[in-house]
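Participant: PDB, C-alpha atoms, saved as model_1.pdb, coming up:
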```pdb
ATOM      1  CA  MET A 213     129.648-187.436  26.162  1.00  0.00           C
ATOM      2  CA  MET A 214     127.381-187.135  23.090  1.00  0.00           C
ATOM      3  CA  ARG A 215     127.728-190.855  22.432  1.00  0.00           C
ATOM      4  CA  ARG A 216     126.763-191.560  26.043  1.00  0.00           C
ATOM      5  CA  LEU A 217     123.764-189.266  25.733  1.00  0.00           C
ATOM      6  CA  ALA A 218     122.679-190.861  22.442  1.00  0.00           C
ATOM      7  CA  ALA A 219     123.098-194.350  23.907  1.00  0.00           C
ATOM      8  CA  GLY A 220     121.141-193.317  26.998  1.00  0.00           C
ATOM      9  CA  LEU A 221     118.298-191.930  24.896  1.00  0.00           C
ATOM     10  CA  ALA A 222     118.203-195.098  22.787  1.00  0.00           C
ATOM     11  CA  ALA A 223     118.197-197.257  25.913  1.00  0.00           C
ATOM     12  CA  ALA A 224     115.443-195.187  27.500  1.00  0.00           C
ATOM     13  CA  ALA A 225     113.331-195.601  24.373  1.00  0.00           C
ATOM     14  CA  LEU A 226     113.717-199.371  24.704  1.00  0.00           C
ATOM     15  CA  GLY A 227     113.035-199.318  28.451  1.00  0.00           C
ATOM     16  CA  VAL A 228     116.587-200.360  29.379  1.00  0.00           C
ATOM     17  CA  THR A 229     118.550-198.926  32.293  1.00  0.00           C
ATOM     18  CA  MET A 230     122.205-198.079  31.647  1.00  0.00           C
ATOM     19  CA  VAL A 231     124.701-198.633  34.448  1.00  0.00           C
ATOM     20  CA  GLY A 232     128.362-197.592  34.442  1.00  0.00           C
ATOM     21  CA  ALA A 233     128.604-196.171  30.913  1.00  0.00           C
ATOM     22  CA  ALA A 234     132.183-195.427  29.891  1.00  0.00           C
ATOM     23  CA  ALA A 235     133.070-191.761  29.610  1.00  0.00           C
ATOM     24  CA  ALA A 236     133.664-190.481  26.102  1.00  0.00           C
ATOM     25  CA  PRO A 237     135.929-187.505  25.402  1.00  0.00           C
ATOM     26  CA  ALA A 238     134.258-184.116  25.225  1.00  0.00           C
ATOM     27  CA  LEU A 239     133.722-182.918  21.671  1.00  0.00           C
ATOM     28  CA  ALA A 240     134.273-179.214  22.338  1.00  0.00           C
ATOM     29  CA  ASP A 241     135.419-176.777  24.958  1.00  0.00           C
ATOM     30  CA  PRO A 242     132.299-175.184  26.519  1.00  0.00           C
ATOM     31  CA  ASP A 243     134.098-171.818  26.665  1.00  0.00           C
ATOM     32  CA  VAL A 244     134.591-171.675  22.877  1.00  0.00           C
ATOM     33  CA  ASP A 245     132.531-169.033  21.055  1.00  0.00           C
ATOM     34  CA  GLY A 246     129.761-170.208  18.739  1.00  0.00           C
ATOM     35  CA  GLY A 247     130.205-170.638  15.008  1.00  0.00           C
ATOM     36  CA  HIS A 248     129.666-167.445  13.005  1.00  0.00           C
ATOM     37  CA  THR A 249     126.314-167.852  11.228  1.00  0.00           C
ATOM     38  CA  ALA A 250     124.813-166.002   8.263  1.00  0.00           C
ATOM     39  CA  LEU A 251     121.208-165.750   7.104  1.00  0.00           C
ATOM     40  CA  ARG A 252     120.307-164.769   3.564  1.00  0.00           C
ATOM     41  CA  PHE A 253     116.647-163.687   3.286  1.00  0.00           C
ATOM     42  CA  ASP A 254     114.387-162.369   0.509  1.00  0.00           C
ATOM     43  CA  ALA A 255     110.690-161.470   0.412  1.00  0.00           C
ATOM     44  CA  GLY A 256     109.159-161.090  -3.034  1.00  0.00           C
ATOM     45  CA  PRO A 257     107.858-160.195  -5.490  1.00  0.00           C
ATOM     46  CA  GLU A 258     108.442-156.498  -4.889  1.00  0.00           C
ATOM     47  CA  PRO A 259     106.070-154.727  -5.101  1.00  0.00           C
ATOM     48  CA  VAL A 260     103.229-157.180  -4.511  1.00  0.00           C
ATOM     49  CA  TRP A 261      99.507-156.676  -5.066  1.00  0.00           C
ATOM     50  CA  GLN A 262      97.407-156.526  -1.893  1.00  0.00           C
ATOM     51  CA  GLY A 263      95.972-159.941  -1.010  1.00  0.00           C
ATOM     52  CA  ARG A 264      98.379-161.787  -3.304  1.00  0.00           C
ATOM     53  CA  SER A 265     100.905-164.349  -2.152  1.00  0.00           C
ATOM     54  CA  LEU A 266     104.319-163.236  -0.950  1.00  0.00           C
ATOM     55  CA  SER A 267     107.208-165.698  -1.107  1.00  0.00           C
ATOM     56  CA  LEU A 268     109.698-165.714   1.800  1.00  0.00           C
ATOM     57  CA  ASP A 269     112.945-167.518   0.992  1.00  0.00           C
ATOM     58  CA  GLY A 270     116.322-167.805   2.654  1.00  0.00           C
ATOM     59  CA  ARG A 271     119.350-169.862   3.516  1.00  0.00           C
ATOM     60  CA  LEU A 272     121.167-170.386   6.827  1.00  0.00           C
ATOM     61  CA  SER A 273     124.893-171.171   6.885  1.00  0.00           C
ATOM     62  CA  VAL A 274     127.945-171.181   9.152  1.00  0.00           C
ATOM     63  CA  GLU A 275     131.488-170.064   8.360  1.00  0.00           C
ATOM     64  CA  CYS A 276     133.698-173.065   7.555  1.00  0.00           C
ATOM     65  CA  GLU A 277     136.731-171.571   9.258  1.00  0.00           C
ATOM     66  CA  GLU A 278     135.032-172.136  12.615  1.00  0.00           C
ATOM     67  CA  ASP A 279     134.639-175.582  14.153  1.00  0.00           C
ATOM     68  CA  TYR A 280     131.229-175.978  15.725  1.00  0.00           C
ATOM     69  CA  ILE A 281     128.948-178.522  17.304  1.00  0.00           C
ATOM     70  CA  SER A 282     125.181-178.479  16.926  1.00  0.00           C
ATOM     71  CA  GLY A 283     123.108-181.130  18.651  1.00  0.00           C
ATOM     72  CA  PHE A 284     124.579-184.536  17.815  1.00  0.00           C
ATOM     73  CA  VAL A 285     126.393-183.303  14.701  1.00  0.00           C
ATOM     74  CA  SER A 286     130.027-182.244  14.855  1.00  0.00           C
ATOM     75  CA  VAL A 287     131.383-180.435  11.799  1.00  0.00           C
ATOM     76  CA  HIS A 288     135.089-179.636  11.584  1.00  0.00           C
ATOM     77  CA  HIS A 289     137.238-178.025   8.882  1.00  0.00           C
ATOM     78  CA  ALA A 290     137.812-181.190   6.837  1.00  0.00           C
ATOM     79  CA  ASP A 291     134.575-183.093   7.617  1.00  0.00           C
ATOM     80  CA  TYR A 292     131.976-181.343   5.473  1.00  0.00           C
ATOM     81  CA  CYS A 293     133.384-178.093   4.117  1.00  0.00           C
ATOM     82  CA  LYS A 294     134.983-178.468   0.732  1.00  0.00           C
ATOM     83  CA  GLU A 295     138.220-176.572   0.170  1.00  0.00           C
ATOM     84  CA  SER A 296     136.455-174.213  -2.252  1.00  0.00           C
ATOM     85  CA  GLU A 297     133.583-173.661   0.201  1.00  0.00           C
ATOM     86  CA  SER A 298     133.817-170.870   2.764  1.00  0.00           C
ATOM     87  CA  TRP A 299     130.325-171.424   4.232  1.00  0.00           C
ATOM     88  CA  HIS A 300     128.535-174.655   5.231  1.00  0.00           C
ATOM     89  CA  ARG A 301     124.723-174.778   4.983  1.00  0.00           C
ATOM     90  CA  LEU A 302     122.823-175.647   8.174  1.00  0.00           C
ATOM     91  CA  GLY A 303     119.906-178.057   7.882  1.00  0.00           C
ATOM     92  CA  TRP A 304     117.047-178.756  10.272  1.00  0.00           C
ATOM     93  CA  LYS A 305     117.220-175.417  12.153  1.00  0.00           C
ATOM     94  CA  ARG A 306     114.207-173.326  13.247  1.00  0.00           C
ATOM     95  CA  ILE A 307     113.664-169.938  11.613  1.00  0.00           C
ATOM     96  CA  VAL A 308     111.071-167.561  13.089  1.00  0.00           C
ATOM     97  CA  ILE A 309     109.290-165.274  10.596  1.00  0.00           C
ATOM     98  CA  LEU A 310     108.077-161.909  11.940  1.00  0.00           C
ATOM     99  CA  PHE A 311     106.341-158.884  10.368  1.00  0.00           C
ATOM    100  CA  ARG A 312     106.004-155.192  11.305  1.00  0.00           C
ATOM    101  CA  SER A 313     103.725-152.880   9.344  1.00  0.00           C
ATOM    102  CA  ASP A 314     104.873-149.460   8.160  1.00  0.00           C
ATOM    103  CA  ARG A 315     102.052-148.093  10.314  1.00  0.00           C
ATOM    104  CA  GLY A 316     104.103-149.024  13.375  1.00  0.00           C
ATOM    105  CA  GLY A 317     103.512-151.403  16.217  1.00  0.00           C
ATOM    106  CA  ASP A 318     105.317-154.449  17.510  1.00  0.00           C
ATOM    107  CA  TRP A 319     106.807-157.334  15.578  1.00  0.00           C
ATOM    108  CA  GLU A 320     104.098-159.956  14.945  1.00  0.00           C
ATOM    109  CA  HIS A 321     104.905-163.674  14.790  1.00  0.00           C
ATOM    110  CA  VAL A 322     103.814-165.012  11.404  1.00  0.00           C
ATOM    111  CA  GLU A 323     105.256-168.508  11.209  1.00  0.00           C
ATOM    112  CA  THR A 324     108.081-170.777  12.318  1.00  0.00           C
ATOM    113  CA  VAL A 325     109.757-172.801   9.567  1.00  0.00           C
ATOM    114  CA  THR A 326     112.562-175.350   9.525  1.00  0.00           C
ATOM    115  CA  THR A 327     115.492-175.248   7.146  1.00  0.00           C
ATOM    116  CA  GLY A 328     115.817-178.129   4.728  1.00  0.00           C
ATOM    117  CA  ARG A 329     118.831-180.369   4.373  1.00  0.00           C
ATOM    118  CA  ASP A 330     120.665-177.707   2.356  1.00  0.00           C
ATOM    119  CA  GLY A 331     119.973-174.920   4.877  1.00  0.00           C
ATOM    120  CA  SER A 332     117.265-173.297   2.770  1.00  0.00           C
ATOM    121  CA  PHE A 333     113.722-172.416   3.815  1.00  0.00           C
ATOM    122  CA  HIS A 334     110.625-171.261   1.952  1.00  0.00           C
ATOM    123  CA  THR A 335     107.099-170.253   2.874  1.00  0.00           C
ATOM    124  CA  ARG A 336     104.276-168.269   1.297  1.00  0.00           C
ATOM    125  CA  VAL A 337     102.083-165.743   3.092  1.00  0.00           C
ATOM    126  CA  PRO A 338      99.368-163.303   1.957  1.00  0.00           C
ATOM    127  CA  ALA A 339     100.437-159.648   1.665  1.00  0.00           C
ATOM    128  CA  TYR A 340      98.023-157.099   3.130  1.00  0.00           C
ATOM    129  CA  THR A 341     100.119-154.028   3.951  1.00  0.00           C
ATOM    130  CA  SER A 342     103.586-152.636   3.287  1.00  0.00           C
ATOM    131  CA  GLY A 343     106.167-153.366   5.935  1.00  0.00           C
ATOM    132  CA  THR A 344     109.290-155.176   7.017  1.00  0.00           C
ATOM    133  CA  TRP A 345     109.641-158.956   7.085  1.00  0.00           C
ATOM    134  CA  ARG A 346     112.184-160.444   9.478  1.00  0.00           C
ATOM    135  CA  ALA A 347     113.693-163.938   9.611  1.00  0.00           C
ATOM    136  CA  VAL A 348     115.395-164.900  12.898  1.00  0.00           C
ATOM    137  CA  PHE A 349     117.627-167.853  13.783  1.00  0.00           C
ATOM    138  CA  GLU A 350     117.766-167.765  17.585  1.00  0.00           C
ATOM    139  CA  GLY A 351     121.058-169.626  17.724  1.00  0.00           C
ATOM    140  CA  SER A 352     121.865-172.863  19.491  1.00  0.00           C
ATOM    141  CA  ARG A 353     124.429-174.151  21.925  1.00  0.00           C
ATOM    142  CA  ARG A 354     127.358-173.663  19.544  1.00  0.00           C
ATOM    143  CA  LEU A 355     125.881-171.414  16.826  1.00  0.00           C
ATOM    144  CA  ASP A 356     125.508-167.639  17.009  1.00  0.00           C
ATOM    145  CA  PRO A 357     122.038-166.119  16.561  1.00  0.00           C
ATOM    146  CA  VAL A 358     121.451-164.178  13.351  1.00  0.00           C
ATOM    147  CA  GLU A 359     118.619-162.306  11.641  1.00  0.00           C
ATOM    148  CA  ALA A 360     117.837-160.619   8.344  1.00  0.00           C
ATOM    149  CA  THR A 361     115.103-158.255   7.137  1.00  0.00           C
ATOM    150  CA  ASP A 362     113.480-157.252   3.859  1.00  0.00           C
ATOM    151  CA  TRP A 363     111.001-154.429   3.243  1.00  0.00           C
ATOM    152  CA  VAL A 364     108.133-155.033   0.813  1.00  0.00           C
ATOM    153  CA  LYS A 365     105.726-152.503  -0.694  1.00  0.00           C
ATOM    154  CA  VAL A 366     102.119-153.670  -1.081  1.00  0.00           C
ATOM    155  CA  VAL A 367     100.136-151.886  -3.794  1.00  0.00           C
ATOM    156  CA  GLY A 368      96.330-151.425  -4.036  1.00  0.00           C
ATOM    157  CA  HIS A 369      93.735-153.989  -5.098  1.00  0.00           C
ATOM    158  CA  ARG A 370      94.197-155.663  -8.444  1.00  0.00           C
ATOM    159  CA  ARG A 371      91.033-155.684 -10.538  1.00  0.00           C
TER     160      ARG A 371
END
```
Translate this structure into structure tokens?

Facilitator:
Amino acid sequence: MMRRLAAGLAAAALGVTMVGAAAAPALADPDVDGGHTALRFDAGPEPVWQGRSLSLDGRLSVECEEDYISGFVSVHHADYCKESESWHRLGWKRIVILFRSDRGGDWEHVETVTTGRDGSFHTRVPAYTSGTWRAVFEGSRRLDPVEATDWVKVVGHRR
């Protein structure tokens, strides 16, 4: 089915109409639960001077014991996970960065970043007030959603 979809997209890009494409076997049972994901996240330095740059870093991965399918990529036990590896890093996934001040209020959207090839992401933001930073992977068709938080104290002006 994925091959048919990929071929159809390629044909559409070239302006070709596909007729009678052969059915390909399904790659996964739609009733199977998503792969168990994990998100490691760190905001630093801690504490940070007000107005200075805060570095937000993390890594998104999926448990190797679970077979999963994400977009056009199918990863199974023996395909990409090494025997010594219990987690496989997920590249090219969207991570939403949110912030909530210690003063209260709602979560504010700060930025949306994409993980690199190795599942890691990095961004820098200015720090104005103490509060909690939150990184959220909203999940995908075969991957569970996951989030992580880190509280950072912002100290007064540096002279």

Participant: Quick check, in Å to one decimal: how far apart do CA of Ala250 (chain A) and CA of Val308 (chain A) lie?

Facilitator: 14.6 Å

Participant: Just give me the gap between CA of Asp362 (chain A) and CA of Asp314 (chain A) in Å, one decimal is fine.

Facilitator: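 Distance between the two atoms: 12.4 Å.
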
Participant: Given the choices A:Asp318, A:Ser332, A:Val274, A:Leu251, which gets closest to Val358 (chain A) if the distance is worked out from only C-alpha atoms?

Facilitator: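 For Val358 (chain A), the nearest of the given residues is A:Leu251.
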
Participant: List every protein, DNA or RNA residue that has an atom no more than 8 Å from (120.2, -176.0, 2.9) in the file's coordinate frame, counting only C-alpha atoms, and report them as a list in words.

Facilitator: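 The distance filter leaves exactly Arg271, Leu272, Ser273, Arg301, Leu302, Gly303, Thr327, Gly328, Arg329, Asp330, Gly331, Ser332 and Phe333 of chain A.
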
Participant: Could you jot down the CA of Gly343 (chain A) to CA of Val364 (chain A) separation for me, Å, one decimal place?

Facilitator: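 Computed distance, CA of Gly343 (chain A) to CA of Val364 (chain A), equals 5.7 Å.
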
Participant: Written as a PyMOL selection string, which residues does the PyMOL selection byres ((chain A and resi 315) around 9) give for the file shown?

Facilitator: chain A and resi 312-314+316-317+341-343

Participant: Write the selection just made, keeping C-alpha atoms, as a CSV table (one decimal), keeping the file's coordinate frame?

Facilitator:
```
chain,number,residue,atom,x,y,z
A,312,ARG,CA,106.0,-155.2,11.3
A,313,SER,CA,103.7,-152.9,9.3
A,314,ASP,CA,104.9,-149.5,8.2
A,316,GLY,CA,104.1,-149.0,13.4
A,317,GLY,CA,103.5,-151.4,16.2
A,341,THR,CA,100.1,-154.0,4.0
A,342,SER,CA,103.6,-152.6,3.3
A,343,GLY,CA,106.2,-153.4,5.9
```

Participant: I'd like to know which of A:Val366, A:Ala347, A:Ala360, A:Leu268 is closest to Ile307 (chain A), using all atoms listed in the file.

Facilitator: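 Distance minimum relative to Ile307 (chain A) lands on A:Ala347.
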
Participant: For the file shown, what are the residues hit by the PyMOL selection byres ((chain A and resi 324) around 9), laid out as a count of residues only?

Facilitator: 10

Participant: With distances taken over only C-alpha atoms, which residue among A:Ser352, A:Ala339, A:Glu359, A:Arg346 lies nearest Val260 (chain A)?

Facilitator: A:Ala339

Participant: Do you know which residues are at most 10 Å from His369 (chain A) counting all atoms listed in the file, after dropping those on the same chain fewer than 2 positions away, and could you put them as an MDAnalysis selection string?

Facilitator: chainID A and resid 261:264 340 366:367 371

Participant: Take the residues that were just selected and, keeping C-alpha atoms, output them as a tab-separated table (two decimals), in the frame of the given file.

Facilitator:
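result-v6.tsv, freshly written:
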```tsv
chain	number	residue	atom	x	y	z
A	261	TRP	CA	99.51	-156.68	-5.07
A	262	GLN	CA	97.41	-156.53	-1.89
A	263	GLY	CA	95.97	-159.94	-1.01
A	264	ARG	CA	98.38	-161.79	-3.30
A	340	TYR	CA	98.02	-157.10	3.13
A	366	VAL	CA	102.12	-153.67	-1.08
A	367	VAL	CA	100.14	-151.89	-3.79
A	371	ARG	CA	91.03	-155.68	-10.54
```

Participant: For each of A:Lys305, A:Glu275, A:Leu266, A:Lys365, take the minimum atom-to-atom distance to His248 (chain A), counting only C-alpha atoms, then give the residue where this is smallest.

Facilitator: A:Glu275

Participant: Taking into account only C-alpha atoms, which residue in the set A:His334, A:Trp299, A:Trp304, A:Trp319 is nearest to Ala255 (chain A)?

Facilitator: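 Of A:His334, A:Trp299, A:Trp304, A:Trp319, the one nearest Ala255 (chain A), counting only C-alpha atoms, is A:His334.
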
Participant: Do you know which residues are at most 10 Å from Ser265 (chain A) counting only C-alpha atoms, after dropping those on the same chain fewer than 6 positions away, and could you put them as a list of chain:residue names?

Facilitator: A:Gly256, A:Pro257, A:Thr335, A:Arg336, A:Val337, A:Pro338, A:Ala339, A:Tyr340

Participant: For those residues, write C-alpha atoms to a file as a short mmCIF file (atom, residue, chain, number, x, y, z; two decimals), keeping the file's coordinate frame.

Facilitator:
```cif
data_model
loop_
_atom_site.label_atom_id
_atom_site.label_comp_id
_atom_site.auth_asym_id
_atom_site.auth_seq_id
_atom_site.Cartn_x
_atom_site.Cartn_y
_atom_site.Cartn_z
CA GLY A 256 109.16 -161.09 -3.03
CA PRO A 257 107.86 -160.20 -5.49
CA THR A 335 107.10 -170.25 2.87
CA ARG A 336 104.28 -168.27 1.30
CA VAL A 337 102.08 -165.74 3.09
CA PRO A 338 99.37 -163.30 1.96
CA ALA A 339 100.44 -159.65 1.66
CA TYR A 340 98.02 -157.10 3.13
#
```
